[in-house]
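J.: Below is the file start_21.txt, with compact mmCIF, N, CA and C atoms.
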# COMPACT_ATOMS: atom_id res chain seq x y z
N MET A 562 93.66 -16.08 23.30
CA MET A 562 94.66 -15.75 22.29
C MET A 562 94.89 -16.91 21.32
N LYS A 563 94.90 -18.15 21.84
CA LYS A 563 95.14 -19.31 20.97
C LYS A 563 94.02 -19.46 19.95
N ALA A 564 92.77 -19.27 20.39
CA ALA A 564 91.64 -19.40 19.47
C ALA A 564 91.72 -18.36 18.35
N TRP A 565 92.10 -17.15 18.71
CA TRP A 565 92.22 -16.10 17.68
C TRP A 565 93.39 -16.39 16.74
N SER A 566 94.48 -16.90 17.27
CA SER A 566 95.62 -17.27 16.41
C SER A 566 95.24 -18.37 15.43
N LEU A 567 94.49 -19.36 15.91
CA LEU A 567 94.04 -20.44 15.03
C LEU A 567 93.07 -19.93 13.99
N LEU A 568 92.21 -19.00 14.39
CA LEU A 568 91.29 -18.39 13.42
C LEU A 568 92.08 -17.68 12.32
N LEU A 569 93.09 -16.91 12.71
CA LEU A 569 93.89 -16.19 11.71
C LEU A 569 94.67 -17.15 10.81
N LEU A 570 95.18 -18.24 11.37
CA LEU A 570 95.84 -19.25 10.54
C LEU A 570 94.86 -19.85 9.55
N ARG A 571 93.66 -20.17 10.04
CA ARG A 571 92.64 -20.77 9.18
C ARG A 571 92.25 -19.81 8.05
N LEU A 572 92.06 -18.53 8.40
CA LEU A 572 91.69 -17.54 7.37
C LEU A 572 92.81 -17.36 6.34
N SER A 573 94.05 -17.29 6.80
CA SER A 573 95.14 -17.03 5.86
C SER A 573 95.47 -18.24 5.00
N THR A 574 95.49 -19.45 5.59
CA THR A 574 95.80 -20.62 4.77
C THR A 574 94.66 -20.93 3.80
N GLY A 575 93.44 -20.69 4.23
CA GLY A 575 92.29 -20.89 3.34
C GLY A 575 92.26 -19.87 2.22
N MET A 576 92.63 -18.61 2.54
CA MET A 576 92.61 -17.56 1.52
C MET A 576 93.62 -17.84 0.41
N VAL A 577 94.75 -18.44 0.75
CA VAL A 577 95.73 -18.80 -0.29
C VAL A 577 95.09 -19.77 -1.29
N LEU A 578 94.34 -20.74 -0.78
CA LEU A 578 93.65 -21.67 -1.67
C LEU A 578 92.63 -20.95 -2.54
N VAL A 579 91.89 -20.02 -1.96
CA VAL A 579 90.91 -19.25 -2.73
C VAL A 579 91.61 -18.46 -3.82
N LEU A 580 92.70 -17.79 -3.48
CA LEU A 580 93.42 -16.97 -4.47
C LEU A 580 94.00 -17.82 -5.60
N TRP A 581 94.58 -18.98 -5.27
CA TRP A 581 95.11 -19.85 -6.32
C TRP A 581 93.98 -20.42 -7.18
N GLY A 582 92.85 -20.69 -6.57
CA GLY A 582 91.70 -21.14 -7.35
C GLY A 582 91.24 -20.07 -8.32
N ILE A 583 91.24 -18.83 -7.88
CA ILE A 583 90.86 -17.72 -8.76
C ILE A 583 91.86 -17.58 -9.91
N VAL A 584 93.14 -17.78 -9.63
CA VAL A 584 94.15 -17.74 -10.70
C VAL A 584 93.83 -18.81 -11.74
N ARG A 585 93.51 -20.01 -11.29
CA ARG A 585 93.18 -21.09 -12.24
C ARG A 585 91.94 -20.76 -13.05
N LEU A 586 90.94 -20.14 -12.41
CA LEU A 586 89.70 -19.81 -13.10
C LEU A 586 89.87 -18.64 -14.06
N ALA A 587 90.68 -17.66 -13.68
CA ALA A 587 90.77 -16.42 -14.44
C ALA A 587 91.84 -16.41 -15.51
N SER A 588 92.87 -17.20 -15.33
CA SER A 588 94.00 -17.13 -16.26
C SER A 588 94.51 -18.52 -16.59
N SER A 589 94.00 -19.07 -17.66
CA SER A 589 94.44 -20.42 -18.03
C SER A 589 95.91 -20.42 -18.46
N GLU A 590 96.41 -19.29 -18.97
CA GLU A 590 97.82 -19.23 -19.36
C GLU A 590 98.72 -19.35 -18.13
N ALA A 591 98.37 -18.63 -17.07
CA ALA A 591 99.16 -18.69 -15.84
C ALA A 591 99.09 -20.10 -15.24
N ALA A 592 97.90 -20.68 -15.23
CA ALA A 592 97.72 -22.03 -14.69
C ALA A 592 98.51 -23.04 -15.52
N GLN A 593 98.49 -22.89 -16.84
CA GLN A 593 99.24 -23.78 -17.73
C GLN A 593 100.73 -23.67 -17.44
N GLY A 594 101.22 -22.45 -17.28
CA GLY A 594 102.64 -22.25 -16.99
C GLY A 594 103.05 -22.89 -15.68
N LEU A 595 102.22 -22.74 -14.64
CA LEU A 595 102.52 -23.36 -13.34
C LEU A 595 102.52 -24.88 -13.45
N SER A 596 101.53 -25.40 -14.16
CA SER A 596 101.43 -26.85 -14.32
C SER A 596 102.65 -27.40 -15.05
N ASP A 597 103.02 -26.74 -16.13
CA ASP A 597 104.16 -27.20 -16.92
C ASP A 597 105.46 -27.11 -16.14
N LYS A 598 105.65 -26.03 -15.40
CA LYS A 598 106.92 -25.79 -14.72
C LYS A 598 107.09 -26.63 -13.46
N TYR A 599 106.02 -26.76 -12.66
CA TYR A 599 106.18 -27.39 -11.35
C TYR A 599 105.49 -28.74 -11.20
N TYR A 600 104.55 -29.06 -12.08
CA TYR A 600 103.80 -30.32 -11.93
C TYR A 600 103.89 -31.18 -13.18
N TRP A 601 104.94 -30.98 -13.96
CA TRP A 601 105.24 -31.81 -15.14
C TRP A 601 104.08 -31.88 -16.13
N GLY A 602 103.24 -30.83 -16.18
CA GLY A 602 102.13 -30.78 -17.12
C GLY A 602 100.96 -31.68 -16.76
N LEU A 603 100.97 -32.27 -15.57
CA LEU A 603 99.90 -33.20 -15.18
C LEU A 603 98.55 -32.52 -14.99
N LEU A 604 98.58 -31.23 -14.72
CA LEU A 604 97.32 -30.52 -14.45
C LEU A 604 96.98 -29.56 -15.59
N SER A 605 97.25 -29.97 -16.80
CA SER A 605 97.04 -29.10 -17.95
C SER A 605 95.68 -29.34 -18.60
N GLY A 606 95.17 -28.29 -19.19
CA GLY A 606 93.89 -28.35 -19.90
C GLY A 606 92.88 -27.41 -19.30
N ASP A 607 92.17 -26.66 -20.16
CA ASP A 607 91.23 -25.65 -19.69
C ASP A 607 90.14 -26.22 -18.79
N THR A 608 89.61 -27.39 -19.13
CA THR A 608 88.56 -27.99 -18.30
C THR A 608 89.09 -28.34 -16.93
N ILE A 609 90.28 -28.88 -16.88
CA ILE A 609 90.90 -29.23 -15.60
C ILE A 609 91.09 -27.97 -14.76
N TYR A 610 91.56 -26.87 -15.39
CA TYR A 610 91.76 -25.63 -14.64
C TYR A 610 90.45 -25.12 -14.05
N THR A 611 89.40 -25.18 -14.84
CA THR A 611 88.11 -24.70 -14.37
C THR A 611 87.61 -25.53 -13.20
N VAL A 612 87.68 -26.84 -13.33
CA VAL A 612 87.22 -27.73 -12.26
C VAL A 612 88.10 -27.58 -11.02
N LEU A 613 89.42 -27.64 -11.20
CA LEU A 613 90.33 -27.49 -10.07
C LEU A 613 90.20 -26.13 -9.41
N GLY A 614 90.05 -25.09 -10.22
CA GLY A 614 89.90 -23.74 -9.67
C GLY A 614 88.65 -23.62 -8.83
N ALA A 615 87.54 -24.14 -9.33
CA ALA A 615 86.28 -24.07 -8.58
C ALA A 615 86.38 -24.88 -7.28
N ILE A 616 86.97 -26.06 -7.36
CA ILE A 616 87.15 -26.89 -6.16
C ILE A 616 88.05 -26.18 -5.16
N GLU A 617 89.11 -25.58 -5.66
CA GLU A 617 90.07 -24.91 -4.77
C GLU A 617 89.44 -23.71 -4.07
N VAL A 618 88.64 -22.93 -4.79
CA VAL A 618 87.95 -21.80 -4.18
C VAL A 618 86.98 -22.30 -3.10
N ALA A 619 86.18 -23.30 -3.43
CA ALA A 619 85.22 -23.84 -2.45
C ALA A 619 85.95 -24.43 -1.24
N PHE A 620 87.00 -25.16 -1.50
CA PHE A 620 87.78 -25.78 -0.42
C PHE A 620 88.37 -24.72 0.50
N GLY A 621 88.92 -23.66 -0.08
CA GLY A 621 89.48 -22.57 0.71
C GLY A 621 88.44 -21.90 1.58
N LEU A 622 87.25 -21.71 1.03
CA LEU A 622 86.17 -21.09 1.80
C LEU A 622 85.74 -21.99 2.96
N VAL A 623 85.67 -23.29 2.72
CA VAL A 623 85.30 -24.24 3.78
C VAL A 623 86.36 -24.21 4.88
N ILE A 624 87.63 -24.15 4.50
CA ILE A 624 88.72 -24.06 5.49
C ILE A 624 88.55 -22.77 6.30
N MET A 625 88.32 -21.67 5.62
CA MET A 625 88.20 -20.39 6.31
C MET A 625 87.06 -20.39 7.32
N LEU A 626 85.98 -21.05 6.98
CA LEU A 626 84.83 -21.11 7.89
C LEU A 626 85.04 -22.11 9.03
N GLY A 627 85.95 -23.03 8.85
CA GLY A 627 86.20 -24.04 9.88
C GLY A 627 85.14 -25.13 9.87
N LEU A 628 84.79 -25.57 8.69
CA LEU A 628 83.80 -26.64 8.54
C LEU A 628 84.49 -27.96 8.23
N TRP A 629 83.95 -29.04 8.77
CA TRP A 629 84.41 -30.40 8.49
C TRP A 629 85.92 -30.53 8.67
N ARG A 630 86.43 -29.97 9.75
CA ARG A 630 87.87 -29.89 9.98
C ARG A 630 88.56 -31.24 10.09
N LYS A 631 87.86 -32.27 10.52
CA LYS A 631 88.47 -33.61 10.61
C LYS A 631 88.90 -34.11 9.25
N VAL A 632 88.23 -33.64 8.21
CA VAL A 632 88.54 -34.05 6.84
C VAL A 632 89.34 -32.96 6.12
N THR A 633 88.91 -31.71 6.28
CA THR A 633 89.52 -30.65 5.47
C THR A 633 90.95 -30.31 5.89
N TYR A 634 91.26 -30.38 7.19
CA TYR A 634 92.63 -30.07 7.60
C TYR A 634 93.64 -31.08 7.06
N PRO A 635 93.37 -32.39 7.18
CA PRO A 635 94.32 -33.33 6.57
C PRO A 635 94.43 -33.15 5.05
N LEU A 636 93.31 -32.85 4.39
CA LEU A 636 93.36 -32.61 2.94
C LEU A 636 94.18 -31.37 2.62
N GLN A 637 94.02 -30.35 3.43
CA GLN A 637 94.81 -29.14 3.22
C GLN A 637 96.29 -29.44 3.41
N ALA A 638 96.63 -30.22 4.42
CA ALA A 638 98.03 -30.61 4.63
C ALA A 638 98.55 -31.37 3.42
N LEU A 639 97.73 -32.25 2.85
CA LEU A 639 98.12 -32.99 1.66
C LEU A 639 98.34 -32.05 0.48
N VAL A 640 97.43 -31.13 0.26
CA VAL A 640 97.57 -30.17 -0.85
C VAL A 640 98.85 -29.36 -0.70
N TYR A 641 99.07 -28.80 0.48
CA TYR A 641 100.28 -28.00 0.68
C TYR A 641 101.53 -28.86 0.69
N GLY A 642 101.44 -30.10 1.18
CA GLY A 642 102.59 -31.00 1.17
C GLY A 642 103.00 -31.37 -0.24
N VAL A 643 102.04 -31.70 -1.09
CA VAL A 643 102.34 -32.02 -2.50
C VAL A 643 102.93 -30.80 -3.20
N GLY A 644 102.34 -29.64 -2.94
CA GLY A 644 102.88 -28.41 -3.52
C GLY A 644 104.31 -28.16 -3.08
N LEU A 645 104.58 -28.44 -1.83
CA LEU A 645 105.93 -28.26 -1.30
C LEU A 645 106.91 -29.23 -1.94
N LEU A 646 106.49 -30.47 -2.13
CA LEU A 646 107.35 -31.44 -2.79
C LEU A 646 107.69 -31.02 -4.22
N ALA A 647 106.72 -30.41 -4.90
CA ALA A 647 106.94 -29.99 -6.29
C ALA A 647 108.00 -28.90 -6.41
N ILE A 648 108.19 -28.13 -5.35
CA ILE A 648 109.19 -27.05 -5.39
C ILE A 648 110.35 -27.29 -4.43
N MET A 649 110.49 -28.51 -3.96
CA MET A 649 111.50 -28.82 -2.95
C MET A 649 112.90 -28.42 -3.37
N GLN A 650 113.23 -28.54 -4.64
CA GLN A 650 114.57 -28.16 -5.08
C GLN A 650 114.83 -26.68 -4.81
N TYR A 651 113.79 -25.85 -4.90
CA TYR A 651 113.95 -24.42 -4.64
C TYR A 651 114.04 -24.13 -3.14
N ILE A 652 113.43 -25.00 -2.33
CA ILE A 652 113.52 -24.86 -0.88
C ILE A 652 114.92 -25.27 -0.42
N LEU A 653 115.40 -26.37 -0.95
CA LEU A 653 116.72 -26.87 -0.56
C LEU A 653 117.87 -26.04 -1.11
N ASP A 654 117.64 -25.38 -2.25
CA ASP A 654 118.70 -24.61 -2.91
C ASP A 654 118.13 -23.26 -3.37
N PRO A 655 117.82 -22.36 -2.42
CA PRO A 655 117.13 -21.12 -2.78
C PRO A 655 117.94 -20.16 -3.65
N PHE A 656 119.24 -20.32 -3.67
CA PHE A 656 120.06 -19.44 -4.49
C PHE A 656 120.60 -20.13 -5.74
N ALA A 657 120.05 -21.29 -6.07
CA ALA A 657 120.37 -22.02 -7.30
C ALA A 657 121.87 -22.27 -7.45
N ARG A 658 122.47 -22.82 -6.41
CA ARG A 658 123.90 -23.10 -6.47
C ARG A 658 124.21 -24.57 -6.64
N TYR A 659 123.27 -25.46 -6.27
CA TYR A 659 123.57 -26.89 -6.27
C TYR A 659 122.59 -27.71 -7.09
N PHE A 660 121.29 -27.59 -6.81
CA PHE A 660 120.29 -28.44 -7.47
C PHE A 660 119.73 -27.84 -8.74
N VAL A 661 119.61 -26.56 -8.77
CA VAL A 661 118.96 -25.90 -9.91
C VAL A 661 119.89 -24.86 -10.53
N VAL A 662 121.12 -25.27 -10.76
CA VAL A 662 122.13 -24.36 -11.29
C VAL A 662 121.66 -23.75 -12.60
N GLY A 663 121.76 -22.44 -12.68
CA GLY A 663 121.37 -21.74 -13.89
C GLY A 663 119.88 -21.49 -14.00
N ALA A 664 119.11 -22.06 -13.12
CA ALA A 664 117.66 -21.85 -13.16
C ALA A 664 117.30 -20.62 -12.35
N GLU A 665 116.06 -20.20 -12.52
CA GLU A 665 115.57 -19.10 -11.70
C GLU A 665 115.61 -19.54 -10.24
N HIS A 666 115.87 -18.62 -9.39
CA HIS A 666 115.81 -18.93 -7.97
C HIS A 666 114.99 -17.84 -7.29
N SER A 667 114.42 -18.21 -6.17
CA SER A 667 113.64 -17.24 -5.45
C SER A 667 113.41 -17.72 -4.03
N ILE A 668 113.65 -16.84 -3.08
CA ILE A 668 113.34 -17.17 -1.70
C ILE A 668 111.84 -17.06 -1.45
N LEU A 669 111.09 -16.61 -2.44
CA LEU A 669 109.64 -16.49 -2.28
C LEU A 669 108.93 -17.84 -2.26
N PHE A 670 109.65 -18.92 -2.51
CA PHE A 670 109.06 -20.24 -2.37
C PHE A 670 108.94 -20.66 -0.90
N PHE A 671 109.71 -20.01 -0.03
CA PHE A 671 109.71 -20.41 1.38
C PHE A 671 108.35 -20.28 2.06
N PRO A 672 107.47 -19.36 1.70
CA PRO A 672 106.15 -19.34 2.34
C PRO A 672 105.38 -20.65 2.18
N SER A 673 105.74 -21.46 1.21
CA SER A 673 105.11 -22.77 1.07
C SER A 673 105.37 -23.63 2.30
N THR A 674 106.55 -23.51 2.88
CA THR A 674 106.83 -24.25 4.10
C THR A 674 105.94 -23.74 5.23
N THR A 675 105.76 -22.44 5.30
CA THR A 675 104.93 -21.85 6.35
C THR A 675 103.49 -22.30 6.23
N LEU A 676 102.96 -22.36 5.02
CA LEU A 676 101.59 -22.83 4.83
C LEU A 676 101.44 -24.28 5.29
N PHE A 677 102.40 -25.11 4.93
CA PHE A 677 102.34 -26.51 5.33
C PHE A 677 102.41 -26.65 6.85
N PHE A 678 103.38 -25.98 7.46
CA PHE A 678 103.54 -26.10 8.92
C PHE A 678 102.39 -25.44 9.67
N ALA A 679 101.84 -24.36 9.14
CA ALA A 679 100.66 -23.74 9.76
C ALA A 679 99.49 -24.72 9.77
N THR A 680 99.35 -25.47 8.70
CA THR A 680 98.29 -26.48 8.64
C THR A 680 98.52 -27.57 9.68
N LEU A 681 99.77 -27.96 9.88
CA LEU A 681 100.07 -28.95 10.93
C LEU A 681 99.72 -28.40 12.32
N VAL A 682 99.98 -27.12 12.54
CA VAL A 682 99.60 -26.50 13.81
C VAL A 682 98.09 -26.51 13.97
N MET A 683 97.38 -26.19 12.90
CA MET A 683 95.92 -26.22 12.95
C MET A 683 95.40 -27.61 13.28
N LEU A 684 96.03 -28.62 12.72
CA LEU A 684 95.65 -30.00 13.03
C LEU A 684 95.93 -30.34 14.50
N ALA A 685 97.10 -29.95 14.97
CA ALA A 685 97.50 -30.28 16.33
C ALA A 685 96.61 -29.62 17.38
N PHE A 686 96.12 -28.42 17.08
CA PHE A 686 95.32 -27.67 18.04
C PHE A 686 93.86 -27.53 17.61
N LYS A 687 93.41 -28.45 16.78
CA LYS A 687 92.04 -28.39 16.26
C LYS A 687 91.00 -28.28 17.36
N ASP A 688 91.20 -28.98 18.46
CA ASP A 688 90.23 -28.95 19.56
C ASP A 688 90.17 -27.59 20.25
N GLU A 689 91.19 -26.79 20.08
CA GLU A 689 91.21 -25.48 20.71
C GLU A 689 90.80 -24.37 19.76
N ASP A 690 90.41 -24.74 18.55
CA ASP A 690 89.93 -23.78 17.55
C ASP A 690 88.44 -23.54 17.80
N THR A 691 88.16 -22.81 18.84
CA THR A 691 86.77 -22.63 19.29
C THR A 691 86.00 -21.60 18.48
N LEU A 692 86.67 -20.90 17.57
CA LEU A 692 85.99 -19.89 16.75
C LEU A 692 85.60 -20.43 15.38
N SER A 693 85.69 -21.73 15.18
CA SER A 693 85.29 -22.34 13.91
C SER A 693 83.80 -22.65 13.94
N LEU A 694 83.22 -22.80 12.77
CA LEU A 694 81.80 -23.18 12.71
C LEU A 694 81.58 -24.58 13.25
N ASP A 695 82.55 -25.46 13.05
CA ASP A 695 82.45 -26.80 13.64
C ASP A 695 82.31 -26.72 15.15
N ALA A 696 83.17 -25.93 15.79
CA ALA A 696 83.14 -25.82 17.25
C ALA A 696 81.83 -25.20 17.71
N ARG A 697 81.34 -24.23 16.99
CA ARG A 697 80.05 -23.62 17.34
C ARG A 697 78.93 -24.63 17.25
N ARG A 698 78.97 -25.44 16.19
CA ARG A 698 77.94 -26.45 15.99
C ARG A 698 78.00 -27.53 17.06
N GLU A 699 79.21 -27.94 17.40
CA GLU A 699 79.39 -28.99 18.42
C GLU A 699 78.98 -28.52 19.81
N ASN A 700 79.14 -27.23 20.08
CA ASN A 700 78.85 -26.69 21.41
C ASN A 700 77.48 -26.03 21.50
N ALA A 701 76.71 -26.11 20.43
CA ALA A 701 75.37 -25.51 20.46
C ALA A 701 74.47 -26.33 21.37
N PRO A 702 73.62 -25.65 22.15
CA PRO A 702 72.70 -26.39 23.01
C PRO A 702 71.70 -27.20 22.18
N ALA A 703 71.41 -28.37 22.65
CA ALA A 703 70.43 -29.24 21.95
C ALA A 703 69.04 -28.62 22.10
N SER A 704 68.28 -28.67 21.03
CA SER A 704 66.92 -28.09 21.12
C SER A 704 65.86 -29.13 21.21
Would you encode the structure as structure tokens?

T.:
Amino acid sequence: MKAWSLLLLRLSTGMVLVLWGIVRLASSEAAQGLSDKYYWGLLSGDTIYTVLGAIEVAFGLVIMLGLWRKVTYPLQALVYGVGLLAIMQYILDPFARYFVVGAEHSILFFPSTTLFFATLVMLAFKDEDTLSLDARRENAPAS
């Protein structure tokens, strides 16, 4: 059961990266709006969106397959952690009463916490993720 749970976490957290990468690749307006609103415009520009989108799609696929987990899981935690920091005011004040008075509010930011913590679980139980390609490769008989 634990291996299947870790597989499902890996597939779902990786798929979010794939979907966000597709958003960056397919809609520069949406990517520009996200960058301006949550990342102070640091990730703006069509070339940046294309490069980041392609990297994000590839990264998500690698996560889903369970490849190079010693490197990709900490990187995924970093990606989701930075994303969480960018929206922390909405996490701390979901109804816009204290930190973001008068701003849009949404409890839909809370899944960002779940993605981050799911990645921490994946890191903690990496050795028990026996359905990953890494685990298959490590346990393959020597020829």

J.: Mind giving me the straight-line distance from atom N of Lys563 of chain A to atom CA of Leu636 of chain A in Å, one decimal?

T.: 23.8 Å

J.: Could you give me the residues within chain A that DSSP places in helix (DSSP H, G or I), as a PyMOL selection string?

T.: chain A and resi 563-587+589-599+607-626+630-647+649-653+668-670+672-685+687-689+694-699

J.: Please report the interatomic distance between atom CA of Leu676 of chain A and atom C of Ile609 of chain A in Å with one decimal.

T.: 22.8 Å

J.: Quick check, in Å to one decimal: how far apart do atom N of Gly627 of chain A and atom C of Arg571 of chain A lie?

T.: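 About the pair atom N of Gly627 of chain A and atom C of Arg571 of chain A: they are 7.1 Å apart.
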
J.: What's around Ile652 of chain A at 8 Å? Count only N, CA and C atoms, leave out sequence neighbours fewer than 5 positions away in its own chain, and write the answer as a list in words.

T.: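 The residues satisfying every condition are Leu645, Ala647, Ser667, Ile668, Phe670 and Phe671 of chain A.
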
J.: If we count only N, CA and C atoms and set the cut-off at 8 Å, which residues sit around Ile624 of chain A, ignoring sequence neighbours fewer than 5 positions away in its own chain? Please answer as a VMD selection string.

T.: chain A and resid 570 to 576 618 to 619 629 to 630 633 to 634

J.: Looking at all atoms listed in the file, which of A:Gly621, A:Tyr610, A:Pro702, A:Arg697 is the one that sits closest to Val577 of chain A?

T.: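 The answer is A:Gly621, which sits nearest to Val577 of chain A.
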
J.: So, counting only C-alpha atoms, which residue among A:Met625, A:Val579, A:Val612, A:Met562 is closest to Ser693 of chain A?

T.: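 Once distances to Ser693 of chain A are computed over only C-alpha atoms, the minimum belongs to A:Met625.
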
J.: Smallest atom-to-atom distance to Leu569 of chain A: which of A:Asp690, A:Leu613, A:Ile648, A:Phe677, using only C-alpha atoms?

T.: A:Asp690

J.: Would you list the residues near (99.2, -27.0, 3.7), meaning any protein, DNA or RNA residue with an atom at most 6 Å from that point in file coordinates, counting only N, CA and C atoms, as a PyMOL selection string?

T.: chain A and resi 637-642+676-678+680

J.: Those same residues - N, CA and C atoms - I'd like them written as a PDB file, in the coordinates of the input.

T.:
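This went into out_29.pdb:
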ATOM      1  N   GLN A 637      94.020 -30.350   3.430  1.00  0.00           N
ATOM      2  CA  GLN A 637      94.810 -29.140   3.220  1.00  0.00           C
ATOM      3  C   GLN A 637      96.290 -29.440   3.410  1.00  0.00           C
ATOM      4  N   ALA A 638      96.630 -30.220   4.420  1.00  0.00           N
ATOM      5  CA  ALA A 638      98.030 -30.610   4.630  1.00  0.00           C
ATOM      6  C   ALA A 638      98.550 -31.370   3.420  1.00  0.00           C
ATOM      7  N   LEU A 639      97.730 -32.250   2.850  1.00  0.00           N
ATOM      8  CA  LEU A 639      98.120 -32.990   1.660  1.00  0.00           C
ATOM      9  C   LEU A 639      98.340 -32.050   0.480  1.00  0.00           C
ATOM     10  N   VAL A 640      97.430 -31.130   0.260  1.00  0.00           N
ATOM     11  CA  VAL A 640      97.570 -30.170  -0.850  1.00  0.00           C
ATOM     12  C   VAL A 640      98.850 -29.360  -0.700  1.00  0.00           C
ATOM     13  N   TYR A 641      99.070 -28.800   0.480  1.00  0.00           N
ATOM     14  CA  TYR A 641     100.280 -28.000   0.680  1.00  0.00           C
ATOM     15  C   TYR A 641     101.530 -28.860   0.690  1.00  0.00           C
ATOM     16  N   GLY A 642     101.440 -30.100   1.180  1.00  0.00           N
ATOM     17  CA  GLY A 642     102.590 -31.000   1.170  1.00  0.00           C
ATOM     18  C   GLY A 642     103.000 -31.370  -0.240  1.00  0.00           C
ATOM     19  N   LEU A 676     102.960 -22.360   5.020  1.00  0.00           N
ATOM     20  CA  LEU A 676     101.590 -22.830   4.830  1.00  0.00           C
ATOM     21  C   LEU A 676     101.440 -24.280   5.290  1.00  0.00           C
ATOM     22  N   PHE A 677     102.400 -25.110   4.930  1.00  0.00           N
ATOM     23  CA  PHE A 677     102.340 -26.510   5.330  1.00  0.00           C
ATOM     24  C   PHE A 677     102.410 -26.650   6.850  1.00  0.00           C
ATOM     25  N   PHE A 678     103.380 -25.980   7.460  1.00  0.00           N
ATOM     26  CA  PHE A 678     103.540 -26.100   8.920  1.00  0.00           C
ATOM     27  C   PHE A 678     102.390 -25.440   9.670  1.00  0.00           C
ATOM     28  N   THR A 680      99.350 -25.470   8.700  1.00  0.00           N
ATOM     29  CA  THR A 680      98.290 -26.480   8.640  1.00  0.00           C
ATOM     30  C   THR A 680      98.520 -27.570   9.680  1.00  0.00           C
TER      31      THR A 680
END
